[in-house]
$ cat upload37.txt   # compact mmCIF, C-alpha atoms
# COMPACT_ATOMS: atom_id res chain seq x y z
CA MET A 775 88.07 16.86 98.32
CA MET A 776 89.39 18.43 101.50
CA ARG A 777 90.68 21.98 101.31
CA SER A 778 94.25 22.41 102.53
CA PRO A 779 94.90 24.62 105.60
CA THR A 780 96.96 26.94 103.42
CA SER A 781 94.22 27.61 100.91
CA SER A 782 91.72 28.14 103.75
CA LEU A 783 94.04 30.70 105.29
CA VAL A 784 94.37 32.48 101.97
CA VAL A 785 90.60 32.68 101.63
CA VAL A 786 90.27 34.07 105.16
CA LEU A 787 92.96 36.66 104.52
CA MET A 788 91.33 37.74 101.27
CA LEU A 789 87.95 38.08 102.92
CA THR A 790 89.43 40.03 105.81
CA SER A 791 91.23 42.51 103.55
CA THR A 792 88.10 42.94 101.44
CA VAL A 793 85.99 43.71 104.47
CA SER A 794 88.65 46.08 105.76
CA ALA A 795 88.88 47.93 102.44
CA PHE A 796 85.10 48.21 102.26
CA ALA A 797 85.01 49.60 105.79
CA GLN A 798 87.67 52.20 104.98
CA VAL A 799 85.82 53.39 101.88
CA ASN A 800 82.57 53.68 103.75
CA ALA A 801 83.91 54.95 107.08
CA ALA A 802 82.54 58.25 108.33
CA PRO A 803 85.02 61.11 107.71
CA SER A 804 87.15 61.81 110.76
CA ARG A 805 86.29 64.82 112.90
CA LYS A 806 88.27 68.00 112.45
CA GLY A 807 88.13 68.70 116.18
CA PRO A 808 87.49 66.77 119.40
CA VAL A 809 84.00 66.07 120.64
CA PRO A 810 82.83 69.04 122.73
CA PRO A 811 81.96 68.67 126.41
CA PRO A 812 78.45 67.49 127.25
CA GLY A 813 75.84 70.20 127.02
CA GLN A 814 77.61 72.15 124.27
CA PRO A 815 76.42 72.18 120.64
CA ASP A 816 78.83 70.43 118.31
CA LEU A 817 80.49 73.08 116.17
CA SER A 818 83.83 71.30 115.92
CA ASP A 819 83.47 68.21 113.78
CA VAL A 820 84.02 70.07 110.51
CA ASN A 821 85.78 73.16 109.29
CA TRP A 822 83.78 76.05 107.97
CA ILE A 823 84.02 78.34 104.95
CA LEU A 824 81.96 81.31 103.79
CA ASN A 825 81.61 80.17 100.19
CA GLY A 826 78.33 78.42 99.47
CA GLY A 827 76.88 79.01 102.93
CA GLY A 828 74.14 81.27 101.67
CA PRO A 829 73.48 84.98 101.37
CA THR A 830 74.87 87.49 103.81
CA VAL A 831 72.16 89.82 105.00
CA PHE A 832 72.43 93.12 106.82
CA SER A 833 69.32 94.67 108.29
CA ALA A 834 68.72 98.32 107.51
CA TRP A 835 71.25 100.60 109.14
CA THR A 836 71.12 104.37 109.38
CA LEU A 837 74.17 106.49 110.03
CA THR A 838 74.27 109.43 112.41
CA PRO A 839 75.67 112.66 110.96
CA ASP A 840 79.05 111.77 112.47
CA GLY A 841 78.82 108.31 111.01
CA LYS A 842 78.06 109.64 107.57
CA ARG A 843 81.03 111.96 107.73
CA ARG A 844 83.29 109.09 108.65
CA MET A 845 81.93 106.82 105.95
CA ASP A 846 82.21 109.55 103.32
CA ALA A 847 85.82 110.07 104.34
CA TYR A 848 86.78 106.42 103.79
CA ASP A 849 89.60 106.14 101.26
CA PHE A 850 89.94 102.60 99.94
CA LYS A 851 93.49 103.35 98.87
CA THR A 852 94.75 103.96 102.38
CA ASP A 853 92.19 103.08 105.06
CA ASP A 854 91.78 99.32 104.70
CA PRO A 855 93.48 97.72 107.74
CA ALA A 856 94.26 94.67 105.61
CA TYR A 857 97.10 96.70 104.11
CA SER A 858 98.84 96.26 107.45
CA CYS A 859 97.63 92.69 107.93
CA THR A 860 95.11 93.62 110.59
CA ALA A 861 91.42 92.80 110.66
CA ALA A 862 88.94 95.68 110.55
CA SER A 863 86.38 93.84 112.70
CA TRP A 864 85.08 90.38 113.50
CA THR A 865 82.48 90.91 110.81
CA ARG A 866 85.23 91.61 108.30
CA ALA A 867 87.01 88.44 109.39
CA TRP A 868 83.83 86.38 109.04
CA LEU A 869 83.12 87.92 105.63
CA ASN A 870 86.46 87.01 104.08
CA PRO A 871 85.67 84.47 101.37
CA ASN A 872 87.74 81.35 100.76
CA ALA A 873 89.32 81.39 104.22
CA LEU A 874 88.48 78.63 106.67
CA VAL A 875 87.44 78.71 110.31
CA HIS A 876 88.13 75.89 112.75
CA ILE A 877 86.37 75.70 116.12
CA THR A 878 87.62 73.84 119.17
CA GLN A 879 85.40 73.56 122.23
CA GLY A 880 86.62 72.91 125.74
CA PRO A 881 85.03 72.93 129.20
CA ASP A 882 86.23 76.45 129.93
CA PHE A 883 87.07 77.92 126.54
CA VAL A 884 86.01 78.12 122.94
CA ARG A 885 88.63 78.63 120.27
CA LEU A 886 87.87 79.97 116.83
CA GLN A 887 90.84 79.86 114.48
CA HIS A 888 90.34 82.08 111.48
CA GLU A 889 92.63 81.32 108.56
CA PHE A 890 92.19 84.99 107.60
CA MET A 891 95.19 86.82 109.02
CA ASP A 892 95.95 83.73 111.21
CA ILE A 893 93.59 85.05 113.87
CA ASP A 894 93.49 82.78 116.93
CA ARG A 895 90.47 83.61 119.06
CA ARG A 896 90.65 81.51 122.22
CA ILE A 897 87.95 82.95 124.46
CA PRO A 898 87.47 81.86 128.09
CA LEU A 899 83.91 80.80 128.76
CA SER A 900 82.00 82.91 131.27
CA ASN A 901 78.73 82.95 133.11
CA PRO A 902 76.37 85.20 131.12
CA ARG A 903 75.27 86.85 134.36
CA ASP A 904 78.82 87.81 135.29
CA PRO A 905 79.01 91.62 135.05
CA ASN A 906 82.78 91.44 134.47
CA PRO A 907 83.46 88.33 132.41
CA LYS A 908 86.97 87.34 131.38
CA ARG A 909 87.69 88.70 127.95
CA LEU A 910 90.14 87.88 125.21
CA ARG A 911 92.03 90.69 123.59
CA ILE A 912 94.33 90.16 120.59
CA PRO A 913 96.94 92.94 120.71
CA ARG A 914 97.89 92.60 117.05
CA HIS A 915 94.27 93.40 116.07
CA PRO A 916 93.11 96.36 118.19
CA GLN A 917 89.94 96.76 116.16
CA LEU A 918 88.80 93.34 117.33
CA GLY A 919 88.29 94.54 120.88
CA ALA A 920 87.81 92.29 123.91
CA SER A 921 85.50 89.26 123.74
CA ALA A 922 83.70 87.15 126.30
CA ALA A 923 81.76 83.99 125.46
CA TRP A 924 79.12 81.64 126.82
CA TYR A 925 76.53 79.21 125.58
CA GLU A 926 72.82 79.87 125.61
CA GLY A 927 71.36 76.49 124.75
CA ASN A 928 72.62 75.62 121.29
CA VAL A 929 73.94 79.10 120.64
CA LEU A 930 77.51 80.21 121.21
CA THR A 931 77.29 83.87 122.26
CA ILE A 932 80.32 86.14 121.91
CA ASP A 933 80.12 89.59 123.42
CA THR A 934 82.71 92.15 122.26
CA ILE A 935 83.48 95.63 123.51
CA ASP A 936 86.38 98.05 123.54
CA VAL A 937 87.21 97.94 119.86
CA ALA A 938 89.56 100.51 118.41
CA ALA A 939 87.74 103.12 116.35
CA GLY A 940 88.02 102.67 112.61
CA TYR A 941 86.09 100.99 109.84
CA MET A 942 84.19 97.79 110.49
CA GLU A 943 83.69 96.96 106.85
CA THR A 944 85.90 97.29 103.77
CA ILE A 945 83.91 95.14 101.33
CA ALA A 946 81.65 96.15 98.46
CA GLU A 947 78.90 98.65 99.11
CA ARG A 948 79.58 98.48 102.85
CA ALA A 949 83.17 99.65 102.53
CA GLY A 950 83.75 102.46 104.99
CA MET A 951 81.08 101.55 107.54
CA PRO A 952 82.57 103.12 110.66
CA GLN A 953 82.89 101.82 114.18
CA SER A 954 83.63 103.88 117.25
CA ALA A 955 85.23 102.77 120.48
CA ARG A 956 81.67 102.46 121.81
CA MET A 957 80.74 99.74 119.32
CA HIS A 958 79.28 96.75 121.14
CA THR A 959 78.69 93.57 119.16
CA VAL A 960 77.05 90.31 120.12
CA GLU A 961 77.73 87.37 117.82
CA ARG A 962 75.32 84.47 118.16
CA VAL A 963 76.72 81.40 116.47
CA HIS A 964 74.60 78.33 115.91
CA ARG A 965 74.54 75.37 113.61
CA GLU A 966 71.88 74.42 111.12
CA GLY A 967 72.95 71.06 109.73
CA ASP A 968 75.84 71.68 107.36
CA ARG A 969 75.73 75.41 107.95
CA LEU A 970 77.09 77.67 110.63
CA VAL A 971 75.03 80.81 111.13
CA ILE A 972 76.64 83.88 112.67
CA GLU A 973 74.09 86.50 113.64
CA THR A 974 75.69 89.71 114.91
CA THR A 975 73.92 92.59 116.59
CA TYR A 976 75.69 95.97 116.41
CA VAL A 977 75.15 98.85 118.80
CA ASP A 978 77.19 102.00 118.18
CA PRO A 979 75.28 105.18 119.06
CA VAL A 980 78.16 107.35 117.80
CA ASN A 981 77.80 106.17 114.22
CA TYR A 982 74.41 104.46 113.89
CA GLN A 983 71.00 105.74 114.87
CA SER A 984 69.82 102.33 116.06
CA PRO A 985 71.04 98.76 116.43
CA PHE A 986 71.23 96.59 113.33
CA VAL A 987 71.90 92.94 112.62
CA SER A 988 73.92 90.94 110.12
CA THR A 989 73.49 87.28 109.29
CA ILE A 990 76.44 85.45 107.79
CA ARG A 991 76.27 81.80 106.79
CA TYR A 992 79.15 79.39 106.54
CA LEU A 993 79.24 75.93 104.98
CA LYS A 994 81.08 72.88 106.23
CA ASN A 995 84.32 72.14 104.41
CA ASP A 996 86.83 69.31 104.41
CA TRP A 997 89.97 71.36 103.86
CA ASP A 998 92.42 71.93 106.69
CA LEU A 999 93.51 75.42 107.64
CA MET A 1000 96.66 76.71 106.02
CA GLU A 1001 98.94 79.39 107.31
CA TYR A 1002 97.94 82.79 106.00
CA GLY A 1003 101.28 84.44 106.65
CA CYS A 1004 100.32 87.98 105.68
CA ILE A 1005 103.38 90.21 105.31
CA PRO A 1006 102.58 93.90 105.90
CA GLU A 1007 105.19 95.16 103.44
CA GLU A 1008 103.67 92.97 100.74
CA ALA A 1009 100.03 93.59 101.68
CA ALA A 1010 100.64 97.32 101.35
CA ILE A 1011 101.58 97.01 97.67
CA THR A 1012 98.52 98.00 95.67
CA SER A 1013 99.97 100.07 92.83
CA PRO A 1014 102.62 99.53 90.19
CA ARG A 1015 105.98 101.22 90.59
CA MET B 755 105.68 84.83 62.36
CA LYS B 756 105.64 86.36 65.76
CA SER B 757 103.24 85.02 68.30
CA PRO B 758 100.59 87.53 69.17
CA LEU B 759 101.80 87.20 72.72
CA VAL B 760 105.26 88.51 71.98
CA LEU B 761 105.72 91.82 73.64
CA ALA B 762 103.67 94.17 71.52
CA GLY B 763 102.23 95.81 74.58
CA LEU B 764 98.87 96.89 73.41
CA VAL B 765 96.59 97.94 76.19
CA LEU B 766 93.05 97.45 75.05
CA VAL B 767 89.97 98.59 76.76
CA ILE B 768 87.73 95.96 75.26
CA SER B 769 84.40 97.39 76.21
CA THR B 770 82.30 98.13 79.20
CA ILE B 771 81.13 94.64 79.80
CA ALA B 772 78.68 94.12 82.57
CA ARG B 773 79.68 91.05 84.47
CA ASN B 774 78.10 89.23 87.31
CA SER B 775 81.05 88.85 89.60
CA THR B 776 80.88 87.86 93.19
CA ALA B 777 82.21 90.62 95.38
CA HIS B 778 85.49 89.06 96.35
CA HIS B 779 86.58 90.78 99.56
CA SER B 780 87.52 94.27 98.45
CA THR B 781 87.57 93.72 94.68
CA VAL B 782 84.42 95.74 94.02
CA VAL B 783 86.01 98.63 95.86
CA ASN B 784 89.41 98.39 94.18
CA PHE B 785 88.37 97.27 90.71
CA ASP B 786 85.61 98.17 88.26
CA SER B 787 83.98 94.94 87.19
CA ASN B 788 82.16 96.80 84.40
CA ARG B 789 85.39 97.76 82.66
CA GLU B 790 87.57 95.06 81.20
CA VAL B 791 91.19 95.51 80.24
CA THR B 792 93.61 93.27 78.36
CA ILE B 793 97.35 93.72 78.57
CA SER B 794 100.23 91.84 76.99
CA GLY B 795 103.69 91.94 78.38
CA VAL B 796 106.45 90.18 80.24
CA LEU B 797 106.30 88.95 83.81
CA THR B 798 108.85 90.73 85.98
CA GLU B 799 107.58 89.61 89.39
CA ILE B 800 105.46 86.74 90.68
CA ARG B 801 104.28 86.67 94.29
CA TRP B 802 101.93 84.03 95.69
CA LEU B 803 100.69 85.69 98.88
CA ASN B 804 97.78 86.13 101.26
CA PRO B 805 95.54 88.15 101.08
CA HIS B 806 96.44 88.89 97.44
CA SER B 807 98.81 87.28 94.99
CA ARG B 808 100.23 89.48 92.27
CA PHE B 809 102.19 89.75 89.07
CA ARG B 810 104.13 92.74 87.89
CA VAL B 811 104.10 92.96 84.10
CA ASP B 812 106.16 95.19 81.83
CA VAL B 813 103.88 96.42 79.07
CA ARG B 814 104.81 98.61 76.12
CA ASN B 815 102.27 101.40 75.87
CA PRO B 816 100.98 102.80 72.54
CA GLU B 817 103.75 105.41 72.64
CA GLY B 818 106.36 102.69 72.79
CA ARG B 819 107.33 103.27 76.39
CA VAL B 820 107.52 100.34 78.79
CA GLU B 821 105.27 100.73 81.81
CA GLU B 822 104.75 98.49 84.76
CA TRP B 823 101.28 97.07 85.46
CA LEU B 824 100.21 95.45 88.70
CA VAL B 825 98.02 92.36 88.29
CA GLU B 826 96.17 91.26 91.39
CA MET B 827 94.81 87.80 92.05
CA GLY B 828 93.23 85.97 94.93
CA ALA B 829 94.89 84.67 98.06
CA ALA B 830 97.63 82.10 97.59
CA ASN B 831 95.76 79.61 99.80
CA THR B 832 92.67 79.97 97.64
CA LEU B 833 94.60 79.52 94.41
CA LYS B 834 96.26 76.42 95.80
CA ARG B 835 92.95 74.85 96.82
CA ALA B 836 91.47 75.72 93.43
CA GLY B 837 94.36 73.96 91.72
CA PHE B 838 95.61 77.04 89.91
CA PRO B 839 98.91 75.89 88.35
CA THR B 840 101.26 78.42 89.86
CA GLU B 841 104.26 76.42 88.65
CA ARG B 842 103.41 77.40 85.07
CA PHE B 843 104.61 80.93 85.58
CA ALA B 844 108.18 82.22 85.56
CA VAL B 845 109.73 85.66 85.48
CA GLY B 846 110.47 86.50 81.88
CA ASP B 847 107.41 84.71 80.50
CA PRO B 848 105.30 86.63 78.00
CA VAL B 849 101.64 86.68 79.05
CA THR B 850 98.33 88.21 78.09
CA ILE B 851 96.06 89.10 80.97
CA THR B 852 92.41 90.08 80.88
CA GLY B 853 90.58 91.36 83.89
CA ALA B 854 88.69 94.08 85.67
CA ALA B 855 90.28 97.50 85.41
CA GLY B 856 91.67 98.88 88.62
CA ARG B 857 90.54 102.10 90.20
CA ARG B 858 94.24 102.87 90.47
CA ASP B 859 96.23 103.44 87.30
CA ARG B 860 97.79 100.45 85.58
CA ALA B 861 96.19 97.88 87.86
CA VAL B 862 94.03 94.92 86.86
CA LEU B 863 92.25 92.10 88.67
CA LEU B 864 93.07 88.92 86.80
CA ARG B 865 90.20 87.00 85.22
CA GLU B 866 92.14 85.10 82.57
CA VAL B 867 95.78 84.68 81.68
CA THR B 868 97.04 83.30 78.39
CA LEU B 869 100.47 81.76 78.27
CA SER B 870 102.86 81.88 75.34
CA ASN B 871 101.80 78.40 74.23
CA GLY B 872 98.18 79.53 74.01
CA THR B 873 97.02 77.93 77.24
CA HIS B 874 94.19 79.87 78.88
CA LEU B 875 94.05 79.81 82.66
CA THR B 876 91.44 81.25 84.98
CA PRO B 877 91.80 81.25 88.72
CA ASP B 878 88.78 79.30 89.80
CA MET B 879 88.07 80.82 93.15
CA ARG B 880 85.78 78.08 94.37
CA PRO B 881 87.63 75.74 96.69
CA ARG B 882 87.65 72.21 95.40
CA ALA B 883 87.22 69.16 97.64
CA PRO B 884 90.52 67.84 98.93
CA GLY B 885 92.03 65.09 96.81
CA ARG B 886 90.20 65.96 93.60
CA ASP B 887 92.34 66.18 90.47
CA VAL B 888 92.27 69.68 89.27
CA SER B 889 93.38 71.48 86.18
CA GLY B 890 93.63 75.12 85.51
CA GLU B 891 92.85 74.63 81.84
$ encode --input "upload37.txt" --output "structure tokens"
Amino acid sequence: MMRSPTSSLVVVLMLTSTVSAFAQVNAAPSRKGPVPPPGQPDLSDVNWILNGGGPTVFSAWTLTPDGKRRMDAYDFKTDDPAYSCTAASWTRAWLNPNALVHITQGPDFVRLQHEFMDIDRRIPLSNPRDPNPKRLRIPRHPQLGASAAWYEGNVLTIDTIDVAAGYMETIAERAGMPQSARMHTVERVHREGDRLVIETTYVDPVNYQSPFVSTIRYLKNDWDLMEYGCIPEEAAITSPR
Amino acid sequence: MKSPLVLAGLVLVISTIARNSTAHHSTVVNFDSNREVTISGVLTEIRWLNPHSRFRVDVRNPEGRVEEWLVEMGAANTLKRAGFPTERFAVGDPVTITGAAGRRDRAVLLREVTLSNGTHLTPDMRPRAPGRDVSGE
């Protein structure tokens, strides 16, 4: 018995839609950001979040007498820059849990968008041998200083100077760690599979007797960034009336 | 018979309970995770904000005077991703809140809130995968 053209068409359409549905279910998730230029490590296909990335580790750090005085003077009730919707340091921004980071890589820039405080860090790429690289400064966050960036192989290196003096950390047992205007940090960001590792070296001879290092680990995440929209008048409310 | 959640306003220091709590941004600094407090009162303000959401709660103290308590919670973005049912709360609702005692007077970091119908809610601070059905109960 010959099949009619109509029934053959129906079969073809059914097969086509089945294949299409199967392909959609099994398609690779779409990238969060465009493919980076050749030669750059791919840090952009996913978004990143602190939670679940692994332990944060600080190497031993020893305060100078001035540093100890500053840390002892920290008052959590008044000295946390978050009360005015500003970030205490890049480390503090990286250490904010539950807030995403999105990275976009271009031929002459790298952009790290921190959901925390809506920080947009679009850094021009420089030659690491340039003694005066172009630096990004974010006026709303004076404690974040001026940053230059370049790649060293698979590592994104971000060099920051000229921070405003204050407190680099406001979390847990590190709350009150000071930073002077001489603080110099180098963040080395690299990917290990589903993790983003941010290793930061700190040099601040005013407050610390020797350099120390922190390692912060992020995990890939499928959420999109949301506006943070911190309002200083609201962030400053920490006590009942 | 009055619901236990009707404004009786007892502030109870339950006990010094050692808890393993992840240091959520500045919570260890601002709150004592080893001291738990439970308050019952009426919501007078609800603000879903970043970096911290908050309630204000009118609580009747043991002397019968109404005092305001500040209840802090996580960032609004985090609560939204965790599926915390923010729509369940309205000014005027009676609530019972348990959490870590603040290092400021009359402040508490929310661990659990009980609504007038007996529903217990905890703000799960772990972001869920997008698209997953979530429930705060």
$ closest_residue --input "upload37.txt" --among "A:Pro952, A:Pro1014, A:Pro855, A:Gly927" --to "B:Arg810" --atoms "all atoms listed in the file"
A:Pro1014
$ interface_residues --input "upload37.txt" --of "chain A" --to "chain B" --cutoff "9 Å" --atoms "all atoms listed in the file" --output "PyMOL selection string"
chain A and resi 825+850-851+856+859+866+869-873+890-891+944-947+949+995-998+1000-1005+1008-1009+1012-1015
$ atom_distance --input "upload37.txt" --atom1 "atom CA of B:Asn871" --atom2 "atom CA of B:Thr792"
17.5 Å
$ atom_distance --input "upload37.txt" --atom1 "atom CA of A:Gly807" --atom2 "atom CA of A:Phe883"
13.9 Å
$ residues_around --input "upload37.txt" --residues "A:Gly880" --least-positions-apart "6" --cutoff "9 Å" --atoms "all atoms listed in the file" --output "PyMOL selection string"
chain A and resi 808-811+899
$ atom_distance --input "upload37.txt" --atom1 "atom CA of A:Gly919" --atom2 "atom CA of A:Ser900"
16.8 Å
$ closest_residue --input "upload37.txt" --among "A:Asp882, A:Asp892, A:Asp849, A:Asp816" --to "A:His964" --atoms "all atoms listed in the file"
A:Asp816
$ residues_around --input "upload37.txt" --residues "A:Gln953" --least-positions-apart "6" --cutoff "10 Å" --atoms "only C-alpha atoms" --output "PyMOL selection string"
chain A and resi 841+844-845+862-863+917+937-943+976-982
$ closest_residue --input "upload37.txt" --among "B:Ser787, B:Ser794, B:Thr840, B:Thr850" --to "B:Pro877" --atoms "all atoms listed in the file"
B:Thr840
$ residues_around --input "upload37.txt" --residues "A:Ile990" --least-positions-apart "4" --cutoff "8 Å" --atoms "all atoms listed in the file" --output "number ranges by chain"
A: 824, 828-831, 868-869, 971-973
$ write_last_selection --input "upload37.txt" --atoms "C-alpha atoms" --output "JSON list (two decimals), keeping the file's coordinate frame"
[["chain", "number", "residue", "atom", "x", "y", "z"],
["A", 824, "LEU", "CA", 81.96, 81.31, 103.79],
["A", 828, "GLY", "CA", 74.14, 81.27, 101.67],
["A", 829, "PRO", "CA", 73.48, 84.98, 101.37],
["A", 830, "THR", "CA", 74.87, 87.49, 103.81],
["A", 831, "VAL", "CA", 72.16, 89.82, 105.00],
["A", 868, "TRP", "CA", 83.83, 86.38, 109.04],
["A", 869, "LEU", "CA", 83.12, 87.92, 105.63],
["A", 971, "VAL", "CA", 75.03, 80.81, 111.13],
["A", 972, "ILE", "CA", 76.64, 83.88, 112.67],
["A", 973, "GLU", "CA", 74.09, 86.50, 113.64]]
$ residues_around --input "upload37.txt" --residues "B:Asp847" --least-positions-apart "3" --cutoff "7 Å" --atoms "all atoms listed in the file" --output "VMD selection string"
chain B and resid 796 to 797 843 to 844
$ residues_around --input "upload37.txt" --residues "A:Lys908" --least-positions-apart "6" --cutoff "12 Å" --atoms "all atoms listed in the file" --output "count of residues only"
18
$ axis_aligned_box --input "upload37.txt" --around "stretch 845-856 of chain B" --padding-each-side "6 Å" --output "AutoDock Vina command-line options"
--center_x 99.6 --center_y 91.8 --center_z 83.3 --size_x 33.8 --size_y 26.2 --size_z 22.6
